[in-house]
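Chemist: Dropping in query-v9.cif, which is mmCIF, N, CA and C atoms:
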```cif
data_final
loop_
_atom_site.group_PDB
_atom_site.id
_atom_site.type_symbol
_atom_site.label_atom_id
_atom_site.label_comp_id
_atom_site.auth_asym_id
_atom_site.auth_seq_id
_atom_site.Cartn_x
_atom_site.Cartn_y
_atom_site.Cartn_z
ATOM 1 N N MET X 219 74.236 63.287 104.757
ATOM 2 C CA MET X 219 74.288 61.868 104.973
ATOM 3 C C MET X 219 75.297 61.584 106.084
ATOM 4 N N VAL X 220 74.905 60.737 107.001
ATOM 5 C CA VAL X 220 75.785 60.327 108.094
ATOM 6 C C VAL X 220 75.971 58.821 108.011
ATOM 7 N N GLY X 221 77.214 58.386 108.024
ATOM 8 C CA GLY X 221 77.531 56.963 108.046
ATOM 9 C C GLY X 221 78.243 56.624 109.332
ATOM 10 N N VAL X 222 77.911 55.468 109.883
ATOM 11 C CA VAL X 222 78.521 55.022 111.136
ATOM 12 C C VAL X 222 79.130 53.642 110.902
ATOM 13 N N LEU X 223 80.380 53.499 111.269
ATOM 14 C CA LEU X 223 81.102 52.241 111.164
ATOM 15 C C LEU X 223 81.407 51.755 112.568
ATOM 16 N N LEU X 224 81.048 50.521 112.855
ATOM 17 C CA LEU X 224 81.327 49.895 114.140
ATOM 18 C C LEU X 224 82.349 48.795 113.897
ATOM 19 N N VAL X 225 83.454 48.829 114.621
ATOM 20 C CA VAL X 225 84.524 47.856 114.434
ATOM 21 C C VAL X 225 84.896 47.253 115.783
ATOM 22 N N GLU X 226 84.804 45.934 115.858
ATOM 23 C CA GLU X 226 85.231 45.216 117.057
ATOM 24 C C GLU X 226 86.627 44.683 116.796
ATOM 25 N N VAL X 227 87.554 44.984 117.700
ATOM 26 C CA VAL X 227 88.938 44.541 117.525
ATOM 27 C C VAL X 227 89.413 43.753 118.734
ATOM 28 N N HIS X 228 90.370 42.875 118.464
ATOM 29 C CA HIS X 228 91.041 42.089 119.499
ATOM 30 C C HIS X 228 92.488 42.546 119.521
ATOM 31 N N ILE X 229 93.011 42.807 120.714
ATOM 32 C CA ILE X 229 94.394 43.236 120.869
ATOM 33 C C ILE X 229 95.112 42.149 121.668
ATOM 34 N N PRO X 230 95.675 41.143 120.989
ATOM 35 C CA PRO X 230 96.216 39.980 121.688
ATOM 36 C C PRO X 230 97.430 40.269 122.565
ATOM 37 N N THR X 231 98.178 41.307 122.261
ATOM 38 C CA THR X 231 99.389 41.591 123.029
ATOM 39 C C THR X 231 99.131 42.425 124.280
ATOM 40 N N ALA X 232 97.935 42.960 124.428
ATOM 41 C CA ALA X 232 97.627 43.825 125.576
ATOM 42 C C ALA X 232 97.483 42.988 126.845
ATOM 43 N N ARG X 233 98.234 43.344 127.849
ATOM 44 C CA ARG X 233 98.164 42.661 129.141
ATOM 45 C C ARG X 233 97.515 43.536 130.219
ATOM 46 N N SER X 234 97.163 44.745 129.832
ATOM 47 C CA SER X 234 96.522 45.660 130.778
ATOM 48 C C SER X 234 95.686 46.659 129.974
ATOM 49 N N LEU X 235 94.834 47.394 130.676
ATOM 50 C CA LEU X 235 94.050 48.434 130.006
ATOM 51 C C LEU X 235 94.961 49.532 129.450
ATOM 52 N N LYS X 236 96.041 49.801 130.148
ATOM 53 C CA LYS X 236 96.995 50.811 129.681
ATOM 54 C C LYS X 236 97.625 50.385 128.354
ATOM 55 N N GLU X 237 97.985 49.111 128.225
ATOM 56 C CA GLU X 237 98.547 48.616 126.968
ATOM 57 C C GLU X 237 97.503 48.621 125.861
ATOM 58 N N LYS X 238 96.256 48.319 126.209
ATOM 59 C CA LYS X 238 95.179 48.366 125.215
ATOM 60 C C LYS X 238 95.010 49.784 124.693
ATOM 61 N N ARG X 239 94.966 50.756 125.578
ATOM 62 C CA ARG X 239 94.813 52.149 125.161
ATOM 63 C C ARG X 239 95.988 52.591 124.275
ATOM 64 N N ALA X 240 97.188 52.129 124.614
ATOM 65 C CA ALA X 240 98.363 52.469 123.810
ATOM 66 C C ALA X 240 98.268 51.875 122.407
ATOM 67 N N ALA X 241 97.660 50.705 122.281
ATOM 68 C CA ALA X 241 97.494 50.072 120.969
ATOM 69 C C ALA X 241 96.401 50.757 120.151
ATOM 70 N N ILE X 242 95.379 51.251 120.809
ATOM 71 C CA ILE X 242 94.239 51.881 120.128
ATOM 72 C C ILE X 242 94.522 53.342 119.773
ATOM 73 N N ARG X 243 95.324 54.010 120.558
ATOM 74 C CA ARG X 243 95.581 55.442 120.376
ATOM 75 C C ARG X 243 96.015 55.794 118.949
ATOM 76 N N PRO X 244 96.943 55.048 118.314
ATOM 77 C CA PRO X 244 97.313 55.405 116.935
ATOM 78 C C PRO X 244 96.142 55.311 115.957
ATOM 79 N N ILE X 245 95.271 54.342 116.154
ATOM 80 C CA ILE X 245 94.092 54.216 115.283
ATOM 81 C C ILE X 245 93.224 55.460 115.410
ATOM 82 N N LEU X 246 92.969 55.876 116.636
ATOM 83 C CA LEU X 246 92.129 57.051 116.880
ATOM 84 C C LEU X 246 92.767 58.316 116.322
ATOM 85 N N ASP X 247 94.043 58.509 116.624
ATOM 86 C CA ASP X 247 94.724 59.735 116.210
ATOM 87 C C ASP X 247 94.852 59.854 114.688
ATOM 88 N N VAL X 248 95.266 58.780 114.025
ATOM 89 C CA VAL X 248 95.445 58.818 112.574
ATOM 90 C C VAL X 248 94.092 58.987 111.878
ATOM 91 N N SER X 249 93.071 58.279 112.364
ATOM 92 C CA SER X 249 91.739 58.400 111.762
ATOM 93 C C SER X 249 91.228 59.830 111.849
ATOM 94 N N ARG X 250 91.382 60.442 113.003
ATOM 95 C CA ARG X 250 90.904 61.817 113.188
ATOM 96 C C ARG X 250 91.667 62.801 112.313
ATOM 97 N N SER X 251 92.983 62.680 112.286
ATOM 98 C CA SER X 251 93.780 63.666 111.542
ATOM 99 C C SER X 251 93.737 63.442 110.037
ATOM 100 N N ARG X 252 93.801 62.202 109.597
ATOM 101 C CA ARG X 252 93.862 61.922 108.160
ATOM 102 C C ARG X 252 92.500 61.985 107.478
ATOM 103 N N TYR X 253 91.457 61.491 108.162
ATOM 104 C CA TYR X 253 90.150 61.366 107.513
ATOM 105 C C TYR X 253 89.083 62.300 108.080
ATOM 106 N N ARG X 254 89.411 63.055 109.107
ATOM 107 C CA ARG X 254 88.470 64.023 109.691
ATOM 108 C C ARG X 254 87.143 63.375 110.087
ATOM 109 N N VAL X 255 87.233 62.273 110.808
ATOM 110 C CA VAL X 255 86.048 61.574 111.291
ATOM 111 C C VAL X 255 85.990 61.680 112.811
ATOM 112 N N ALA X 256 84.830 61.400 113.360
ATOM 113 C CA ALA X 256 84.688 61.266 114.803
ATOM 114 C C ALA X 256 84.868 59.778 115.100
ATOM 115 N N ILE X 257 85.754 59.443 116.017
ATOM 116 C CA ILE X 257 86.014 58.046 116.360
ATOM 117 C C ILE X 257 86.253 57.938 117.857
ATOM 118 N N SER X 258 85.721 56.869 118.437
ATOM 119 C CA SER X 258 85.851 56.686 119.876
ATOM 120 C C SER X 258 85.731 55.209 120.233
ATOM 121 N N GLU X 259 86.301 54.851 121.360
ATOM 122 C CA GLU X 259 86.097 53.506 121.903
ATOM 123 C C GLU X 259 84.764 53.525 122.643
ATOM 124 N N VAL X 260 83.837 52.680 122.240
ATOM 125 C CA VAL X 260 82.486 52.729 122.795
ATOM 126 C C VAL X 260 82.058 51.438 123.494
ATOM 127 N N GLY X 261 82.888 50.424 123.439
ATOM 128 C CA GLY X 261 82.496 49.168 124.070
ATOM 129 C C GLY X 261 83.694 48.386 124.574
ATOM 130 N N TYR X 262 83.429 47.456 125.470
ATOM 131 C CA TYR X 262 84.455 46.596 126.074
ATOM 132 C C TYR X 262 85.539 47.410 126.770
ATOM 133 N N GLN X 263 85.170 48.520 127.357
ATOM 134 C CA GLN X 263 86.166 49.400 127.955
ATOM 135 C C GLN X 263 86.814 48.804 129.196
ATOM 136 N N ASP X 264 86.207 47.783 129.781
ATOM 137 C CA ASP X 264 86.777 47.156 130.965
ATOM 138 C C ASP X 264 87.566 45.887 130.639
ATOM 139 N N LEU X 265 87.635 45.499 129.374
ATOM 140 C CA LEU X 265 88.398 44.326 128.952
ATOM 141 C C LEU X 265 89.709 44.773 128.312
ATOM 142 N N HIS X 266 90.807 44.121 128.667
ATOM 143 C CA HIS X 266 92.105 44.593 128.186
ATOM 144 C C HIS X 266 92.511 44.067 126.813
ATOM 145 N N GLN X 267 91.808 43.106 126.244
ATOM 146 C CA GLN X 267 92.184 42.610 124.919
ATOM 147 C C GLN X 267 91.104 42.814 123.854
ATOM 148 N N ARG X 268 90.060 43.521 124.177
ATOM 149 C CA ARG X 268 88.968 43.708 123.219
ATOM 150 C C ARG X 268 88.530 45.166 123.266
ATOM 151 N N ALA X 269 88.128 45.684 122.097
ATOM 152 C CA ALA X 269 87.633 47.065 122.026
ATOM 153 C C ALA X 269 86.578 47.159 120.933
ATOM 154 N N MET X 270 85.627 48.033 121.141
ATOM 155 C CA MET X 270 84.619 48.356 120.132
ATOM 156 C C MET X 270 84.832 49.819 119.763
ATOM 157 N N LEU X 271 85.136 50.061 118.495
ATOM 158 C CA LEU X 271 85.362 51.420 118.011
ATOM 159 C C LEU X 271 84.191 51.838 117.147
ATOM 160 N N GLU X 272 83.758 53.080 117.312
ATOM 161 C CA GLU X 272 82.679 53.616 116.487
ATOM 162 C C GLU X 272 83.206 54.837 115.753
ATOM 163 N N VAL X 273 82.963 54.853 114.439
ATOM 164 C CA VAL X 273 83.442 55.927 113.569
ATOM 165 C C VAL X 273 82.235 56.572 112.912
ATOM 166 N N ALA X 274 82.178 57.894 112.907
ATOM 167 C CA ALA X 274 81.098 58.608 112.233
ATOM 168 C C ALA X 274 81.692 59.568 111.210
ATOM 169 N N ALA X 275 81.097 59.559 110.015
ATOM 170 C CA ALA X 275 81.516 60.460 108.945
ATOM 171 C C ALA X 275 80.282 61.157 108.380
ATOM 172 N N VAL X 276 80.437 62.425 108.026
ATOM 173 C CA VAL X 276 79.321 63.227 107.519
ATOM 174 C C VAL X 276 79.733 63.887 106.210
ATOM 175 N N ALA X 277 78.841 63.830 105.225
ATOM 176 C CA ALA X 277 79.060 64.508 103.943
ATOM 177 C C ALA X 277 77.714 64.685 103.253
ATOM 178 N N ALA X 278 77.698 65.501 102.239
ATOM 179 C CA ALA X 278 76.462 65.748 101.497
ATOM 180 C C ALA X 278 76.076 64.552 100.632
ATOM 181 N N ALA X 279 77.058 63.780 100.191
ATOM 182 C CA ALA X 279 76.786 62.652 99.297
ATOM 183 C C ALA X 279 77.188 61.332 99.957
ATOM 184 N N GLN X 280 76.384 60.317 99.734
ATOM 185 C CA GLN X 280 76.638 59.016 100.348
ATOM 186 C C GLN X 280 77.963 58.415 99.879
ATOM 187 N N HIS X 281 78.315 58.603 98.616
ATOM 188 C CA HIS X 281 79.548 57.994 98.114
ATOM 189 C C HIS X 281 80.785 58.562 98.811
ATOM 190 N N VAL X 282 80.739 59.818 99.225
ATOM 191 C CA VAL X 282 81.859 60.419 99.950
ATOM 192 C C VAL X 282 81.983 59.777 101.331
ATOM 193 N N VAL X 283 80.862 59.584 102.004
ATOM 194 C CA VAL X 283 80.870 58.935 103.314
ATOM 195 C C VAL X 283 81.367 57.497 103.178
ATOM 196 N N THR X 284 80.904 56.798 102.159
ATOM 197 C CA THR X 284 81.327 55.414 101.929
ATOM 198 C C THR X 284 82.832 55.334 101.713
ATOM 199 N N GLU X 285 83.372 56.213 100.887
ATOM 200 C CA GLU X 285 84.809 56.223 100.633
ATOM 201 C C GLU X 285 85.601 56.515 101.904
ATOM 202 N N THR X 286 85.104 57.435 102.719
ATOM 203 C CA THR X 286 85.787 57.777 103.966
ATOM 204 C C THR X 286 85.772 56.604 104.931
ATOM 205 N N LEU X 287 84.615 55.983 105.118
ATOM 206 C CA LEU X 287 84.527 54.839 106.034
ATOM 207 C C LEU X 287 85.344 53.657 105.521
ATOM 208 N N ASP X 288 85.382 53.452 104.208
ATOM 209 C CA ASP X 288 86.223 52.398 103.619
ATOM 210 C C ASP X 288 87.696 52.636 103.962
ATOM 211 N N ALA X 289 88.122 53.887 103.843
ATOM 212 C CA ALA X 289 89.519 54.230 104.127
ATOM 213 C C ALA X 289 89.857 54.003 105.600
ATOM 214 N N VAL X 290 88.958 54.389 106.490
ATOM 215 C CA VAL X 290 89.190 54.182 107.924
ATOM 216 C C VAL X 290 89.227 52.685 108.227
ATOM 217 N N GLU X 291 88.321 51.937 107.627
ATOM 218 C CA GLU X 291 88.303 50.491 107.859
ATOM 219 C C GLU X 291 89.607 49.841 107.369
ATOM 220 N N ARG X 292 90.106 50.263 106.205
ATOM 221 C CA ARG X 292 91.389 49.744 105.710
ATOM 222 C C ARG X 292 92.530 50.090 106.671
ATOM 223 N N LEU X 293 92.493 51.305 107.213
ATOM 224 C CA LEU X 293 93.507 51.715 108.181
ATOM 225 C C LEU X 293 93.493 50.788 109.397
ATOM 226 N N ILE X 294 92.310 50.529 109.934
ATOM 227 C CA ILE X 294 92.209 49.675 111.121
ATOM 228 C C ILE X 294 92.703 48.265 110.802
ATOM 229 N N TRP X 295 92.325 47.728 109.635
ATOM 230 C CA TRP X 295 92.793 46.406 109.238
ATOM 231 C C TRP X 295 94.314 46.371 109.107
ATOM 232 N N SER X 296 94.933 47.484 108.734
ATOM 233 C CA SER X 296 96.378 47.510 108.506
ATOM 234 C C SER X 296 97.197 47.657 109.789
ATOM 235 N N MET X 297 96.556 47.986 110.892
ATOM 236 C CA MET X 297 97.285 48.178 112.144
ATOM 237 C C MET X 297 97.691 46.814 112.721
ATOM 238 N N PRO X 298 98.988 46.601 112.942
ATOM 239 C CA PRO X 298 99.444 45.287 113.397
ATOM 240 C C PRO X 298 99.018 44.927 114.821
ATOM 241 N N ALA X 299 98.754 45.920 115.654
ATOM 242 C CA ALA X 299 98.415 45.635 117.046
ATOM 243 C C ALA X 299 96.970 45.179 117.239
ATOM 244 N N ALA X 300 96.113 45.438 116.257
ATOM 245 C CA ALA X 300 94.688 45.139 116.405
ATOM 246 C C ALA X 300 94.227 44.166 115.325
ATOM 247 N N GLU X 301 93.501 43.140 115.763
ATOM 248 C CA GLU X 301 92.905 42.184 114.833
ATOM 249 C C GLU X 301 91.410 42.469 114.760
ATOM 250 N N VAL X 302 90.900 42.725 113.569
ATOM 251 C CA VAL X 302 89.476 43.014 113.393
ATOM 252 C C VAL X 302 88.676 41.727 113.567
ATOM 253 N N VAL X 303 87.681 41.784 114.453
ATOM 254 C CA VAL X 303 86.816 40.637 114.721
ATOM 255 C C VAL X 303 85.515 40.758 113.919
ATOM 256 N N ALA X 304 84.951 41.975 113.883
ATOM 257 C CA ALA X 304 83.686 42.191 113.178
ATOM 258 C C ALA X 304 83.542 43.667 112.824
ATOM 259 N N THR X 305 82.784 43.915 111.758
ATOM 260 C CA THR X 305 82.457 45.285 111.378
ATOM 261 C C THR X 305 80.990 45.353 110.973
ATOM 262 N N SER X 306 80.413 46.520 111.139
ATOM 263 C CA SER X 306 79.055 46.766 110.645
ATOM 264 C C SER X 306 78.923 48.251 110.347
ATOM 265 N N ARG X 307 77.946 48.554 109.498
ATOM 266 C CA ARG X 307 77.690 49.959 109.127
ATOM 267 C C ARG X 307 76.208 50.247 109.219
ATOM 268 N N ARG X 308 75.939 51.523 109.463
ATOM 269 C CA ARG X 308 74.550 51.978 109.392
ATOM 270 C C ARG X 308 74.562 53.397 108.859
ATOM 271 N N TRP X 309 73.413 53.765 108.288
ATOM 272 C CA TRP X 309 73.261 55.066 107.639
ATOM 273 C C TRP X 309 72.144 55.841 108.299
ATOM 274 N N LEU X 310 72.376 57.117 108.482
ATOM 275 C CA LEU X 310 71.360 58.010 109.035
ATOM 276 C C LEU X 310 71.087 59.080 107.994
ATOM 277 N N GLU X 311 69.836 59.190 107.614
ATOM 278 C CA GLU X 311 69.452 60.189 106.611
ATOM 279 C C GLU X 311 68.488 61.178 107.226
ATOM 280 N N ASP X 312 68.574 62.415 106.786
ATOM 281 C CA ASP X 312 67.656 63.441 107.247
ATOM 282 C C ASP X 312 66.400 63.383 106.385
ATOM 283 N N GLY X 313 65.282 63.352 107.043
ATOM 284 C CA GLY X 313 64.036 63.422 106.303
ATOM 285 C C GLY X 313 63.409 62.127 106.168
#
```
Please, can you express the file's structure as structure tokens?
Modeler:
Amino acid sequence: MVGVLLVEVHIPTARSLKEKRAAIRPILDVSRSRYRVAISEVGYQDLHQRAMLEVAAVAAAQHVVTETLDAVERLIWSMPAAEVVATSRRWLEDG
């Protein structure tokens, strides 16, 4: 089972792309190391106060993927530099 979480965030304090990347970097690094997910900035890469993050998690059981994506989403919500604007999920099944 593959679950994908899409999170749109606003970074109000970012005045440049460099500041935006600095605000997003902890989200990416902690998510990868703590939850073993694939995560990347996939949208709004040319805007300095907005980012679209995509997270992918893989497991044999859907409940494991759900728990992992829930944890990553809570992490993103807890980061003071980023305000969550929207989230969505989708599931990819084999067969």
Chemist: Which residue, X:Ser249, X:Arg239, X:Val260, X:Pro230, has the smallest gap to Ile294 (chain X) when you use only C-alpha atoms?
Modeler: X:Ser249
Chemist: Give the answer as one residue: which of X:Gln280, X:Ser296, X:Gln267, X:Thr286 has the shortest atom-to-atom distance to Ile229 (chain X), using only N, CA and C atoms?
Modeler: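 Selected residue with least distance to Ile229 (chain X): X:Gln267.
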Chemist: Considering only helix (DSSP H, G or I) as DSSP defines it on the backbone, what residues of chain X qualify? List them as number ranges by chain.
Modeler: X: 235-253, 280-296
Chemist: Please identify all polymer residues within 8 Å of region 303-308 of chain X, counting all atoms listed in the file, omitting same-chain residues fewer than 5 positions from it, and present them as a list in words.
Modeler: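 Non-adjacent residues within range: Val220, Gly221, Val222, Leu223, Leu224, Val225, Glu226, Val227 and His228 of chain X.
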Chemist: Can you tell me, as a compact mmCIF listing (two decimals) with N, CA and C atoms, keeping the file's coordinate frame, what residues are no more than 8 Å from Ile245 (chain X) when counting only N, CA and C atoms, ignoring any on the same chain fewer than 3 positions away?
Modeler:
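New file selection_10.txt:
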```txt
# COMPACT_ATOMS: atom_id res chain seq x y z
N ALA X 240 97.19 52.13 124.61
CA ALA X 240 98.36 52.47 123.81
C ALA X 240 98.27 51.88 122.41
N ALA X 241 97.66 50.70 122.28
CA ALA X 241 97.49 50.07 120.97
C ALA X 241 96.40 50.76 120.15
N ILE X 242 95.38 51.25 120.81
CA ILE X 242 94.24 51.88 120.13
C ILE X 242 94.52 53.34 119.77
N VAL X 248 95.27 58.78 114.02
CA VAL X 248 95.44 58.82 112.57
C VAL X 248 94.09 58.99 111.88
N SER X 249 93.07 58.28 112.36
CA SER X 249 91.74 58.40 111.76
C SER X 249 91.23 59.83 111.85
N ARG X 250 91.38 60.44 113.00
CA ARG X 250 90.90 61.82 113.19
C ARG X 250 91.67 62.80 112.31
N SER X 251 92.98 62.68 112.29
CA SER X 251 93.78 63.67 111.54
C SER X 251 93.74 63.44 110.04
N ILE X 257 85.75 59.44 116.02
CA ILE X 257 86.01 58.05 116.36
C ILE X 257 86.25 57.94 117.86
N LEU X 293 92.49 51.30 107.21
CA LEU X 293 93.51 51.72 108.18
C LEU X 293 93.49 50.79 109.40
N ILE X 294 92.31 50.53 109.93
CA ILE X 294 92.21 49.68 111.12
C ILE X 294 92.70 48.26 110.80
N MET X 297 96.56 47.99 110.89
CA MET X 297 97.28 48.18 112.14
C MET X 297 97.69 46.81 112.72
```
Chemist: Any idea what the distance is between CA of His281 (chain X) and CA of Gly261 (chain X)?
Modeler: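 Interatomic distance here is 27.6 Å.
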Chemist: If I take CA of Ala289 (chain X) and CA of Arg268 (chain X), how far is one from the other in Å, to one decimal?
Modeler: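 CA of Arg268 (chain X) lies 21.8 Å from CA of Ala289 (chain X).
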Chemist: To verify the selection step, state as a tab-separated table (two decimals) with N, CA and C atoms, in the coordinates of the input which residues the PyMOL selection byres (((chain X and resi 255 and name CA) around 6) and name CA) yields on this input.
Modeler:
```tsv
chain	number	residue	atom	x	y	z
X	250	ARG	N	91.38	60.44	113.00
X	250	ARG	CA	90.90	61.82	113.19
X	250	ARG	C	91.67	62.80	112.31
X	253	TYR	N	91.46	61.49	108.16
X	253	TYR	CA	90.15	61.37	107.51
X	253	TYR	C	89.08	62.30	108.08
X	254	ARG	N	89.41	63.06	109.11
X	254	ARG	CA	88.47	64.02	109.69
X	254	ARG	C	87.14	63.38	110.09
X	256	ALA	N	84.83	61.40	113.36
X	256	ALA	CA	84.69	61.27	114.80
X	256	ALA	C	84.87	59.78	115.10
X	274	ALA	N	82.18	57.89	112.91
X	274	ALA	CA	81.10	58.61	112.23
X	274	ALA	C	81.69	59.57	111.21
X	275	ALA	N	81.10	59.56	110.02
X	275	ALA	CA	81.52	60.46	108.94
X	275	ALA	C	80.28	61.16	108.38
```
Chemist: One number please: atom N of Glu301 (chain X) to atom C of Met219 (chain X), in Å, one decimal.
Modeler: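 If I compute the distance from atom N of Glu301 (chain X) to atom C of Met219 (chain X), I get 27.7 Å.
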Chemist: For each of X:Leu287, X:Arg292, X:Leu235, X:Ser258, take the minimum atom-to-atom distance to Met270 (chain X), counting only C-alpha atoms, then give the residue where this is smallest.
Modeler: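 Result for the nearest residue to Met270 (chain X): X:Ser258.
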Chemist: So which one's closest to Val290 (chain X), X:Lys238, X:Gln263, X:Val302, X:Arg252? Using only C-alpha atoms, please.
Modeler: X:Arg252
Chemist: As a list in words, please: all residues of region 223-256 of chain X that backbone DSSP puts in strand (DSSP E or B).
Modeler: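 Selecting the strand (DSSP E or B) positions of region 223-256 of chain X gives Leu223, Leu224, Val225, Glu226, Val227, His228 and Ala256 of chain X.
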